[in-house]
$ cat input.pdb   # PDB, C-alpha atoms
ATOM      1  CA  ASP A   1     -15.310  -1.805 -13.018
ATOM      2  CA  ALA A   2     -12.978  -4.784 -12.869
ATOM      3  CA  GLY A   3     -10.545  -3.050 -10.553
ATOM      4  CA  VAL A   4      -6.814  -2.823 -11.095
ATOM      5  CA  ILE A   5      -5.605  -5.680 -13.274
ATOM      6  CA  GLN A   6      -2.102  -7.081 -13.021
ATOM      7  CA  SER A   7      -0.369  -9.752 -15.027
ATOM      8  CA  PRO A   8       1.119 -12.187 -14.613
ATOM      9  CA  ARG A   9      -0.123 -13.188 -11.170
ATOM     10  CA  HIS A  10       2.870 -15.413 -10.607
ATOM     11  CA  GLU A  11       6.276 -15.406 -12.239
ATOM     12  CA  VAL A  12       9.178 -17.734 -11.678
ATOM     13  CA  THR A  13      12.345 -16.918 -13.548
ATOM     14  CA  GLU A  14      16.048 -17.481 -13.417
ATOM     15  CA  MET A  15      18.620 -14.938 -12.401
ATOM     16  CA  GLY A  16      19.660 -12.760 -15.301
ATOM     17  CA  GLN A  17      16.390 -13.014 -17.162
ATOM     18  CA  GLU A  18      14.240 -10.032 -18.039
ATOM     19  CA  VAL A  19      10.933  -9.729 -16.211
ATOM     20  CA  THR A  20       8.048  -7.524 -17.317
ATOM     21  CA  LEU A  21       5.094  -6.855 -15.052
ATOM     22  CA  ARG A  22       1.938  -5.297 -16.425
ATOM     23  CA  CYS A  23      -0.808  -3.181 -14.941
ATOM     24  CA  LYS A  24      -4.123  -1.806 -16.116
ATOM     25  CA  PRO A  25      -5.452   0.868 -13.736
ATOM     26  CA  ILE A  26      -9.082   1.565 -13.005
ATOM     27  CA  SER A  27     -10.658   3.533 -15.813
ATOM     28  CA  GLY A  28     -10.734   7.247 -15.016
ATOM     29  CA  HIS A  29      -7.936   7.118 -12.469
ATOM     30  CA  ASN A  30      -5.015   9.360 -13.281
ATOM     31  CA  SER A  31      -2.426   8.312 -10.711
ATOM     32  CA  LEU A  32      -0.630   4.980 -10.861
ATOM     33  CA  PHE A  33       1.752   3.496  -8.327
ATOM     34  CA  TRP A  34       4.142   0.556  -8.320
ATOM     35  CA  TYR A  35       4.973  -1.009  -4.941
ATOM     36  CA  ARG A  36       7.168  -3.872  -3.831
ATOM     37  CA  GLN A  37       6.398  -5.839  -0.686
ATOM     38  CA  THR A  38       8.747  -8.151   1.193
ATOM     39  CA  MET A  39       8.828  -9.411   4.745
ATOM     40  CA  MET A  40      12.052  -7.585   5.429
ATOM     41  CA  ARG A  41      11.282  -4.189   3.877
ATOM     42  CA  GLY A  42       7.509  -4.009   4.030
ATOM     43  CA  LEU A  43       5.546  -2.086   1.416
ATOM     44  CA  GLU A  44       7.844   0.161  -0.612
ATOM     45  CA  LEU A  45       6.782   2.686  -3.211
ATOM     46  CA  LEU A  46       8.949   2.240  -6.290
ATOM     47  CA  ILE A  47       7.555   4.866  -8.644
ATOM     48  CA  TYR A  48       4.372   6.729  -9.348
ATOM     49  CA  PHE A  49       2.823   8.483 -12.317
ATOM     50  CA  ASN A  50       0.342  11.324 -12.560
ATOM     51  CA  ASN A  51      -1.421  11.662 -15.902
ATOM     52  CA  ASN A  52       1.041   9.161 -17.411
ATOM     53  CA  VAL A  53       4.067  11.232 -16.355
ATOM     54  CA  PRO A  54       6.570   9.787 -13.852
ATOM     55  CA  ILE A  55       6.585  12.033 -10.803
ATOM     56  CA  ASP A  56       8.783  10.285  -8.281
ATOM     57  CA  ASP A  57      11.043   7.343  -9.035
ATOM     58  CA  SER A  58      13.238   7.722  -5.973
ATOM     59  CA  GLY A  59      12.143   4.310  -4.744
ATOM     60  CA  MET A  60      13.394   2.449  -7.789
ATOM     61  CA  PRO A  61      16.206   0.271  -6.438
ATOM     62  CA  GLU A  62      18.679   0.679  -9.246
ATOM     63  CA  ASP A  63      19.101   0.933 -12.975
ATOM     64  CA  ARG A  64      17.929  -2.618 -13.444
ATOM     65  CA  PHE A  65      14.400  -1.389 -12.780
ATOM     66  CA  SER A  66      12.443   0.715 -15.235
ATOM     67  CA  ALA A  67       8.786   1.669 -15.540
ATOM     68  CA  LYS A  68       6.704   3.127 -18.315
ATOM     69  CA  MET A  69       3.187   4.362 -18.748
ATOM     70  CA  PRO A  70       2.575   4.849 -22.465
ATOM     71  CA  ASN A  71      -1.108   5.662 -21.974
ATOM     72  CA  ALA A  72      -3.733   6.088 -19.296
ATOM     73  CA  SER A  73      -4.720   2.443 -19.306
ATOM     74  CA  PHE A  74      -1.415   0.609 -19.229
ATOM     75  CA  SER A  75       1.865   0.541 -17.335
ATOM     76  CA  THR A  76       4.836  -1.807 -17.180
ATOM     77  CA  LEU A  77       7.565  -2.444 -14.653
ATOM     78  CA  LYS A  78      10.623  -4.115 -16.078
ATOM     79  CA  ILE A  79      13.538  -5.731 -14.301
ATOM     80  CA  GLN A  80      16.576  -6.471 -16.417
ATOM     81  CA  PRO A  81      18.575  -8.435 -15.426
ATOM     82  CA  SER A  82      16.652  -9.963 -12.543
ATOM     83  CA  GLU A  83      18.368 -11.106  -9.354
ATOM     84  CA  PRO A  84      17.213 -13.364  -6.491
ATOM     85  CA  ARG A  85      16.886 -10.357  -4.178
ATOM     86  CA  ASP A  86      14.167  -9.015  -6.479
ATOM     87  CA  SER A  87      11.877 -11.803  -5.320
ATOM     88  CA  ALA A  88       8.848 -10.091  -3.838
ATOM     89  CA  VAL A  89       5.208  -9.286  -4.422
ATOM     90  CA  TYR A  90       4.812  -6.337  -6.771
ATOM     91  CA  PHE A  91       1.609  -4.351  -6.498
ATOM     92  CA  CYS A  92       0.186  -1.805  -8.845
ATOM     93  CA  ALA A  93      -2.334   0.686  -7.470
ATOM     94  CA  SER A  94      -4.324   3.515  -8.974
ATOM     95  CA  SER A  95      -6.171   6.513  -7.638
ATOM     96  CA  PHE A  96      -7.880   9.682  -8.714
ATOM     97  CA  LEU A  97      -5.631  12.694  -8.368
ATOM     98  CA  ALA A  98      -7.698  15.098  -6.322
ATOM     99  CA  GLY A  99      -8.175  16.286  -2.803
ATOM    100  CA  GLY A 100      -9.552  14.138  -0.055
ATOM    101  CA  PRO A 101      -8.456  10.642   0.896
ATOM    102  CA  LYS A 102      -6.590   9.911  -2.316
ATOM    103  CA  THR A 103      -7.695   6.342  -1.863
ATOM    104  CA  GLN A 104      -5.478   3.890  -3.662
ATOM    105  CA  TYR A 105      -6.943   0.768  -5.178
ATOM    106  CA  PHE A 106      -4.497  -2.086  -5.336
ATOM    107  CA  GLY A 107      -4.300  -4.842  -7.880
ATOM    108  CA  PRO A 108      -3.928  -8.464  -6.769
ATOM    109  CA  GLY A 109      -0.163  -8.327  -7.138
ATOM    110  CA  THR A 110       2.449 -10.279  -9.043
ATOM    111  CA  ARG A 111       4.385 -12.798  -6.999
ATOM    112  CA  LEU A 112       7.877 -12.889  -8.438
ATOM    113  CA  LEU A 113      10.420 -15.546  -7.620
ATOM    114  CA  VAL A 114      13.887 -15.217  -9.084
ATOM    115  CA  LEU A 115      15.958 -18.372  -8.778
TER     116      LEU A 115
ATOM    117  CA  GLY B 116      11.022  12.741   4.786
ATOM    118  CA  GLN B 117       8.224  10.929   6.509
ATOM    119  CA  SER B 118       8.249   8.289   9.211
ATOM    120  CA  LEU B 119       5.416   6.335  10.770
ATOM    121  CA  GLU B 120       5.392   4.078  13.791
ATOM    122  CA  GLN B 121       2.864   1.420  14.653
ATOM    123  CA  PRO B 122       3.069  -1.739  16.765
ATOM    124  CA  SER B 123       4.265  -4.797  14.921
ATOM    125  CA  GLU B 124       1.764  -7.234  16.416
ATOM    126  CA  VAL B 125      -1.470  -7.172  18.401
ATOM    127  CA  THR B 126      -3.484 -10.108  19.690
ATOM    128  CA  ALA B 127      -7.107  -9.914  20.824
ATOM    129  CA  VAL B 128      -9.984 -12.284  21.407
ATOM    130  CA  GLU B 129     -13.082 -12.581  19.291
ATOM    131  CA  GLY B 130     -15.743 -10.077  20.283
ATOM    132  CA  ALA B 131     -13.285  -7.716  21.939
ATOM    133  CA  ILE B 132     -12.188  -4.213  20.969
ATOM    134  CA  VAL B 133      -8.681  -3.446  19.793
ATOM    135  CA  GLN B 134      -6.918  -0.169  19.088
ATOM    136  CA  ILE B 135      -3.964   0.131  16.718
ATOM    137  CA  ASN B 136      -1.963   3.299  17.163
ATOM    138  CA  CYS B 137       0.039   5.210  14.610
ATOM    139  CA  THR B 138       2.380   8.115  15.179
ATOM    140  CA  TYR B 139       3.924   9.999  12.327
ATOM    141  CA  GLN B 140       6.498  12.619  11.524
ATOM    142  CA  THR B 141       6.035  14.449   8.283
ATOM    143  CA  SER B 142       5.963  17.838   6.671
ATOM    144  CA  GLY B 143       2.969  19.079   4.757
ATOM    145  CA  PHE B 144       0.619  16.610   6.397
ATOM    146  CA  TYR B 145      -2.654  16.242   4.539
ATOM    147  CA  GLY B 146      -4.384  13.168   5.939
ATOM    148  CA  LEU B 147      -4.078   9.728   7.506
ATOM    149  CA  SER B 148      -5.451   6.586   5.917
ATOM    150  CA  TRP B 149      -5.784   3.001   7.071
ATOM    151  CA  TYR B 150      -5.504  -0.102   4.912
ATOM    152  CA  GLN B 151      -6.149  -3.753   5.641
ATOM    153  CA  GLN B 152      -4.245  -6.617   4.093
ATOM    154  CA  HIS B 153      -5.053 -10.284   4.541
ATOM    155  CA  ASP B 154      -2.313 -12.843   4.053
ATOM    156  CA  GLY B 155      -1.807 -13.395   0.356
ATOM    157  CA  GLY B 156      -4.057 -10.493  -0.531
ATOM    158  CA  ALA B 157      -3.708  -6.883  -1.539
ATOM    159  CA  PRO B 158      -4.076  -3.831   0.704
ATOM    160  CA  THR B 159      -7.608  -2.459   0.753
ATOM    161  CA  PHE B 160      -8.747   0.949   1.953
ATOM    162  CA  LEU B 161     -10.510   1.106   5.310
ATOM    163  CA  SER B 162     -10.724   4.677   6.523
ATOM    164  CA  TYR B 163      -9.427   8.209   6.157
ATOM    165  CA  ASN B 164      -9.041  11.190   8.464
ATOM    166  CA  GLY B 165      -8.310  14.617   7.050
ATOM    167  CA  LEU B 166      -9.494  16.509  10.091
ATOM    168  CA  ASP B 167      -9.177  15.915  13.814
ATOM    169  CA  GLY B 168     -11.705  13.606  15.316
ATOM    170  CA  LEU B 169     -13.359  10.283  14.856
ATOM    171  CA  GLU B 170     -14.589   8.709  11.651
ATOM    172  CA  GLU B 171     -16.846   5.694  11.979
ATOM    173  CA  THR B 172     -17.501   3.037   9.384
ATOM    174  CA  GLY B 173     -19.426   0.123  10.789
ATOM    175  CA  ARG B 174     -17.308  -1.815  13.257
ATOM    176  CA  PHE B 175     -14.239   0.229  12.350
ATOM    177  CA  SER B 176     -13.434   3.741  13.534
ATOM    178  CA  SER B 177     -10.405   5.900  12.978
ATOM    179  CA  PHE B 178      -9.198   8.870  14.965
ATOM    180  CA  LEU B 179      -6.776  11.662  14.209
ATOM    181  CA  SER B 180      -5.081  14.315  16.307
ATOM    182  CA  ARG B 181      -3.053  16.557  14.037
ATOM    183  CA  SER B 182      -1.524  18.453  16.942
ATOM    184  CA  ASP B 183      -0.188  15.206  18.397
ATOM    185  CA  SER B 184       0.748  13.671  15.032
ATOM    186  CA  TYR B 185      -1.187  10.647  16.159
ATOM    187  CA  GLY B 186      -3.999   8.491  14.988
ATOM    188  CA  TYR B 187      -5.542   5.142  15.725
ATOM    189  CA  LEU B 188      -7.759   2.525  14.206
ATOM    190  CA  LEU B 189     -10.401   1.030  16.486
ATOM    191  CA  LEU B 190     -11.901  -2.321  15.654
ATOM    192  CA  GLN B 191     -14.976  -3.377  17.604
ATOM    193  CA  GLU B 192     -16.749  -6.709  17.935
ATOM    194  CA  LEU B 193     -13.708  -8.465  16.584
ATOM    195  CA  GLN B 194     -14.267 -11.371  14.253
ATOM    196  CA  MET B 195     -11.861 -14.059  13.150
ATOM    197  CA  LYS B 196     -11.884 -12.595   9.665
ATOM    198  CA  ASP B 197     -10.361  -9.389  11.055
ATOM    199  CA  SER B 198      -7.058 -11.234  11.455
ATOM    200  CA  ALA B 199      -4.889  -9.328   9.012
ATOM    201  CA  SER B 200      -2.225  -6.673   8.793
ATOM    202  CA  TYR B 201      -3.245  -3.056   9.197
ATOM    203  CA  PHE B 202      -1.255  -0.185   7.737
ATOM    204  CA  CYS B 203      -1.477   3.496   8.471
ATOM    205  CA  ALA B 204      -0.444   5.801   5.642
ATOM    206  CA  VAL B 205       0.066   9.541   5.399
ATOM    207  CA  SER B 206      -0.596  11.788   2.469
ATOM    208  CA  THR B 207       1.217  15.084   2.191
ATOM    209  CA  GLY B 208       0.316  18.255   0.402
ATOM    210  CA  THR B 209      -1.122  17.889  -3.026
ATOM    211  CA  ALA B 210       0.991  14.846  -3.825
ATOM    212  CA  SER B 211      -1.039  11.798  -4.662
ATOM    213  CA  LYS B 212       1.371   9.377  -3.097
ATOM    214  CA  LEU B 213       0.993   7.726   0.296
ATOM    215  CA  THR B 214       3.740   6.778   2.697
ATOM    216  CA  PHE B 215       2.857   3.553   4.472
ATOM    217  CA  GLY B 216       3.815   2.421   7.942
ATOM    218  CA  THR B 217       5.359  -0.976   8.547
ATOM    219  CA  GLY B 218       2.030  -2.536   9.431
ATOM    220  CA  THR B 219       0.466  -4.118  12.512
ATOM    221  CA  ARG B 220      -0.360  -7.792  12.382
ATOM    222  CA  LEU B 221      -3.610  -8.452  14.235
ATOM    223  CA  GLN B 222      -4.334 -11.963  15.411
ATOM    224  CA  VAL B 223      -7.875 -12.616  16.601
ATOM    225  CA  THR B 224      -8.202 -15.681  18.797
ATOM    226  CA  LEU B 225     -11.151 -17.620  20.183
TER     227      LEU B 225
END

$ encode --input "input.pdb" --output "structure tokens"
Amino acid sequence: DAGVIQSPRHEVTEMGQEVTLRCKPISGHNSLFWYRQTMMRGLELLIYFNNNVPIDDSGMPEDRFSAKMPNASFSTLKIQPSEPRDSAVYFCASSFLAGGPKTQYFGPGTRLLVL
Amino acid sequence: GQSLEQPSEVTAVEGAIVQINCTYQTSGFYGLSWYQQHDGGAPTFLSYNGLDGLEETGRFSSFLSRSDSYGYLLLQELQMKDSASYFCAVSTGTASKLTFGTGTRLQVTL
């Protein structure tokens, strides 16, 4: 398997623009997670889905952020409008919803810079 | 909610042994995981403890004491490539999500 795929890998945009981050989870995994990582706040869980259904979006900063998972193989995280404080690395991760370690497999991340 | 504490930085010399501790407060504890992240990279799974005791995977071992809400990651025969950040993470109940600690930055020196 190719692992979790994220695109784009890097994004530079101007304040106020819409940003869409994309994720393809590992085939067969039924949980998907969006994280944001910054030096100041560490690794934060934004939202996660089980079987394409959003379960917990309490980490989504505000209404400017939205996430969808229209099918088992694709998810998007959208920021509209973007602000400089949204600059961070955004990771998508997937896992198999079952007992045990619930190991999460992370994608390479999208490095977002909002000017 | 959940909270995890781990040291922010640890320095050790090549070939040595280092232990990274993690204490947690949570309800519905299910297990403790450890992830490694190199600079510029993504977190990768290292080890998991669902029961008390020691789990060994090559040079890395992880320990859990549920009664003490405590665990540690033990890295032996340190190599320069082990310089990275290490995160403990708890899973609770049947939820698939993990709550990550703030990470420990390990610097391996010559």

$ closest_atom_pairs --input "input.pdb" --of "chain A" --to "chain B" --cutoff "9 Å" --atoms "all atoms listed in the file" --output "JSON lines"
{"residue": "A:Ser31", "atom": "CA", "partner": "B:Ser211", "partner_atom": "CA", "distance": 7.1}
{"residue": "A:Phe33", "atom": "CA", "partner": "B:Lys212", "partner_atom": "CA", "distance": 7.9}
{"residue": "A:Arg41", "atom": "CA", "partner": "B:Thr217", "partner_atom": "CA", "distance": 8.2}
{"residue": "A:Gly42", "atom": "CA", "partner": "B:Thr217", "partner_atom": "CA", "distance": 5.9}
{"residue": "A:Leu43", "atom": "CA", "partner": "B:Phe215", "partner_atom": "CA", "distance": 7.0}
{"residue": "A:Glu44", "atom": "CA", "partner": "B:Phe215", "partner_atom": "CA", "distance": 7.9}
{"residue": "A:Leu45", "atom": "CA", "partner": "B:Thr214", "partner_atom": "CA", "distance": 7.8}
{"residue": "A:Tyr48", "atom": "CA", "partner": "B:Lys212", "partner_atom": "CA", "distance": 7.4}
{"residue": "A:Asn50", "atom": "CA", "partner": "B:Ser211", "partner_atom": "CA", "distance": 8.0}
{"residue": "A:Phe91", "atom": "CA", "partner": "B:Ala157", "partner_atom": "CA", "distance": 7.7}
{"residue": "A:Ser95", "atom": "CA", "partner": "B:Ser211", "partner_atom": "CA", "distance": 7.9}
{"residue": "A:Phe96", "atom": "CA", "partner": "B:Ser211", "partner_atom": "CA", "distance": 8.2}
{"residue": "A:Leu97", "atom": "CA", "partner": "B:Ser211", "partner_atom": "CA", "distance": 6.0}
{"residue": "A:Ala98", "atom": "CA", "partner": "B:Ser211", "partner_atom": "CA", "distance": 7.6}
{"residue": "A:Gly99", "atom": "CA", "partner": "B:Thr209", "partner_atom": "CA", "distance": 7.2}
{"residue": "A:Gly100", "atom": "CA", "partner": "B:Gly165", "partner_atom": "CA", "distance": 7.2}
{"residue": "A:Pro101", "atom": "CA", "partner": "B:Tyr163", "partner_atom": "CA", "distance": 5.9}
{"residue": "A:Lys102", "atom": "CA", "partner": "B:Ser211", "partner_atom": "CA", "distance": 6.3}
{"residue": "A:Thr103", "atom": "CA", "partner": "B:Phe160", "partner_atom": "CA", "distance": 6.7}
{"residue": "A:Gln104", "atom": "CA", "partner": "B:Phe160", "partner_atom": "CA", "distance": 7.1}
{"residue": "A:Tyr105", "atom": "CA", "partner": "B:Thr159", "partner_atom": "CA", "distance": 6.8}
{"residue": "A:Phe106", "atom": "CA", "partner": "B:Ala157", "partner_atom": "CA", "distance": 6.2}
{"residue": "A:Gly107", "atom": "CA", "partner": "B:Ala157", "partner_atom": "CA", "distance": 6.7}
{"residue": "A:Pro108", "atom": "CA", "partner": "B:Ala157", "partner_atom": "CA", "distance": 5.5}
{"residue": "A:Gly109", "atom": "CA", "partner": "B:Ala157", "partner_atom": "CA", "distance": 6.8}

$ resolve_selection --input "input.pdb" --expression "the PyMOL selection byres ((chain B and resi 129) around 7)" --output "PyMOL selection string"
chain B and resi 127-128+130-131+193-195+223-225

$ atom_distance --input "input.pdb" --atom1 "atom CA of Asn51 of chain A" --atom2 "atom CA of Arg22 of chain A"
17.3 Å

$ resolve_selection --input "input.pdb" --expression "the PyMOL selection byres ((chain A and resi 78) around 9)" --output "list in words"
Glu18, Val19, Thr20, Leu21, Arg22, Arg64, Phe65, Ser66, Ala67, Lys68, Thr76, Leu77, Ile79 and Gln80 of chain A

$ closest_residue --input "input.pdb" --among "B:Gln152, B:Asn136, B:Ser118, B:Ser184" --to "Leu166 of chain B" --atoms "all atoms listed in the file"
B:Ser184

$ atom_distance --input "input.pdb" --atom1 "atom CA of Asn52 of chain A" --atom2 "atom CA of Ser94 of chain A"
11.5 Å

$ atom_distance --input "input.pdb" --atom1 "atom CA of Ala204 of chain B" --atom2 "atom CA of Leu119 of chain B"
7.8 Å

$ residues_around --input "input.pdb" --residues "His10 of chain A" --least-positions-apart "3" --cutoff "8 Å" --atoms "only C-alpha atoms" --output "ChimeraX atom specification"
/A:7,110-112

$ residues_around --input "input.pdb" --residues "Cys137 of chain B" --least-positions-apart "3" --cutoff "7 Å" --atoms "all atoms listed in the file" --output "list of chain:residue names"
B:Leu119, B:Glu120, B:Gln121, B:Tyr185, B:Gly186, B:Tyr187, B:Cys203

$ residues_near_point --input "input.pdb" --point "(-7.2, -3.7, -13.2)" --cutoff "7 Å" --atoms "all atoms listed in the file" --output "JSON list (two decimals) with C-alpha atoms, in the coordinates of the input"
[["chain", "number", "residue", "atom", "x", "y", "z"],
["A", 2, "ALA", "CA", -12.98, -4.78, -12.87],
["A", 3, "GLY", "CA", -10.54, -3.05, -10.55],
["A", 4, "VAL", "CA", -6.81, -2.82, -11.10],
["A", 5, "ILE", "CA", -5.60, -5.68, -13.27],
["A", 6, "GLN", "CA", -2.10, -7.08, -13.02],
["A", 23, "CYS", "CA", -0.81, -3.18, -14.94],
["A", 24, "LYS", "CA", -4.12, -1.81, -16.12],
["A", 25, "PRO", "CA", -5.45, 0.87, -13.74],
["A", 26, "ILE", "CA", -9.08, 1.56, -13.00],
["A", 107, "GLY", "CA", -4.30, -4.84, -7.88]]

$ axis_aligned_box --input "input.pdb" --around "segment 72-87 of chain A" --padding-each-side "4 Å" --output "AutoDock Vina command-line options"
--center_x 6.9 --center_y -3.6 --center_z -11.7 --size_x 31.3 --size_y 27.5 --size_z 23.1

$ decode --input "input.pdb" --residues "segment 74-83 of chain A" --atoms "all heavy atoms" --output "mmCIF file, in the first residue's frame"
data_model
loop_
_atom_site.group_PDB
_atom_site.id
_atom_site.type_symbol
_atom_site.label_atom_id
_atom_site.label_comp_id
_atom_site.auth_asym_id
_atom_site.auth_seq_id
_atom_site.Cartn_x
_atom_site.Cartn_y
_atom_site.Cartn_z
ATOM 1 N N PHE A 74 -11.432 9.276 0.570
ATOM 2 C CA PHE A 74 -11.109 10.676 0.314
ATOM 3 C C PHE A 74 -11.666 11.580 1.398
ATOM 4 O O PHE A 74 -12.817 11.420 1.829
ATOM 5 C CB PHE A 74 -11.672 11.094 -1.050
ATOM 6 C CG PHE A 74 -11.323 12.496 -1.453
ATOM 7 C CD1 PHE A 74 -10.014 12.852 -1.746
ATOM 8 C CD2 PHE A 74 -12.315 13.471 -1.557
ATOM 9 C CE1 PHE A 74 -9.688 14.141 -2.121
ATOM 10 C CE2 PHE A 74 -11.999 14.767 -1.940
ATOM 11 C CZ PHE A 74 -10.693 15.099 -2.223
ATOM 12 N N SER A 75 -10.860 12.553 1.810
ATOM 13 C CA SER A 75 -11.312 13.544 2.781
ATOM 14 C C SER A 75 -10.671 14.888 2.436
ATOM 15 O O SER A 75 -9.576 14.937 1.861
ATOM 16 C CB SER A 75 -10.936 13.147 4.202
ATOM 17 O OG SER A 75 -11.328 14.143 5.139
ATOM 18 N N THR A 76 -11.359 15.964 2.775
ATOM 19 C CA THR A 76 -10.828 17.298 2.591
ATOM 20 C C THR A 76 -10.952 18.101 3.874
ATOM 21 O O THR A 76 -11.867 17.906 4.671
ATOM 22 C CB THR A 76 -11.569 18.064 1.480
ATOM 23 O OG1 THR A 76 -12.954 18.160 1.828
ATOM 24 C CG2 THR A 76 -11.412 17.386 0.133
ATOM 25 N N LEU A 77 -9.995 18.993 4.045
ATOM 26 C CA LEU A 77 -10.036 19.986 5.119
ATOM 27 C C LEU A 77 -9.937 21.344 4.446
ATOM 28 O O LEU A 77 -8.992 21.593 3.701
ATOM 29 C CB LEU A 77 -8.876 19.783 6.091
ATOM 30 C CG LEU A 77 -8.767 20.795 7.235
ATOM 31 C CD1 LEU A 77 -9.920 20.630 8.217
ATOM 32 C CD2 LEU A 77 -7.436 20.629 7.974
ATOM 33 N N LYS A 78 -10.925 22.179 4.693
ATOM 34 C CA LYS A 78 -10.987 23.459 4.020
ATOM 35 C C LYS A 78 -10.889 24.588 5.039
ATOM 36 O O LYS A 78 -11.504 24.514 6.119
ATOM 37 C CB LYS A 78 -12.284 23.568 3.222
ATOM 38 C CG LYS A 78 -12.409 24.810 2.365
ATOM 39 C CD LYS A 78 -13.683 24.773 1.529
ATOM 40 C CE LYS A 78 -13.641 23.672 0.501
ATOM 41 N NZ LYS A 78 -14.806 23.727 -0.432
ATOM 42 N N ILE A 79 -10.142 25.601 4.678
ATOM 43 C CA ILE A 79 -10.034 26.802 5.497
ATOM 44 C C ILE A 79 -10.466 27.987 4.623
ATOM 45 O O ILE A 79 -9.891 28.218 3.571
ATOM 46 C CB ILE A 79 -8.584 27.038 5.992
ATOM 47 C CG1 ILE A 79 -8.021 25.783 6.663
ATOM 48 C CG2 ILE A 79 -8.560 28.210 6.975
ATOM 49 C CD1 ILE A 79 -6.535 25.874 7.012
ATOM 50 N N GLN A 80 -11.496 28.664 5.073
ATOM 51 C CA GLN A 80 -12.030 29.779 4.309
ATOM 52 C C GLN A 80 -12.663 30.790 5.238
ATOM 53 O O GLN A 80 -13.662 30.462 5.894
ATOM 54 C CB GLN A 80 -13.056 29.278 3.284
ATOM 55 C CG GLN A 80 -13.915 30.340 2.628
ATOM 56 C CD GLN A 80 -13.127 31.349 1.808
ATOM 57 O OE1 GLN A 80 -12.023 31.071 1.374
ATOM 58 N NE2 GLN A 80 -13.705 32.519 1.609
ATOM 59 N N PRO A 81 -12.153 32.021 5.302
ATOM 60 C CA PRO A 81 -10.916 32.507 4.703
ATOM 61 C C PRO A 81 -9.708 32.156 5.569
ATOM 62 O O PRO A 81 -9.825 32.029 6.790
ATOM 63 C CB PRO A 81 -11.137 34.016 4.699
ATOM 64 C CG PRO A 81 -11.975 34.263 5.927
ATOM 65 C CD PRO A 81 -12.877 33.054 6.050
ATOM 66 N N SER A 82 -8.565 31.998 4.940
ATOM 67 C CA SER A 82 -7.361 31.651 5.688
ATOM 68 C C SER A 82 -6.770 32.904 6.355
ATOM 69 O O SER A 82 -6.972 34.042 5.888
ATOM 70 C CB SER A 82 -6.331 31.009 4.757
ATOM 71 O OG SER A 82 -6.007 31.883 3.694
ATOM 72 N N GLU A 83 -6.060 32.667 7.453
ATOM 73 C CA GLU A 83 -5.406 33.732 8.194
ATOM 74 C C GLU A 83 -3.966 33.307 8.499
ATOM 75 O O GLU A 83 -3.674 32.101 8.536
ATOM 76 C CB GLU A 83 -6.149 34.000 9.509
ATOM 77 C CG GLU A 83 -7.567 34.515 9.320
ATOM 78 C CD GLU A 83 -8.263 34.826 10.638
ATOM 79 O OE1 GLU A 83 -7.627 34.690 11.703
ATOM 80 O OE2 GLU A 83 -9.450 35.219 10.584
#
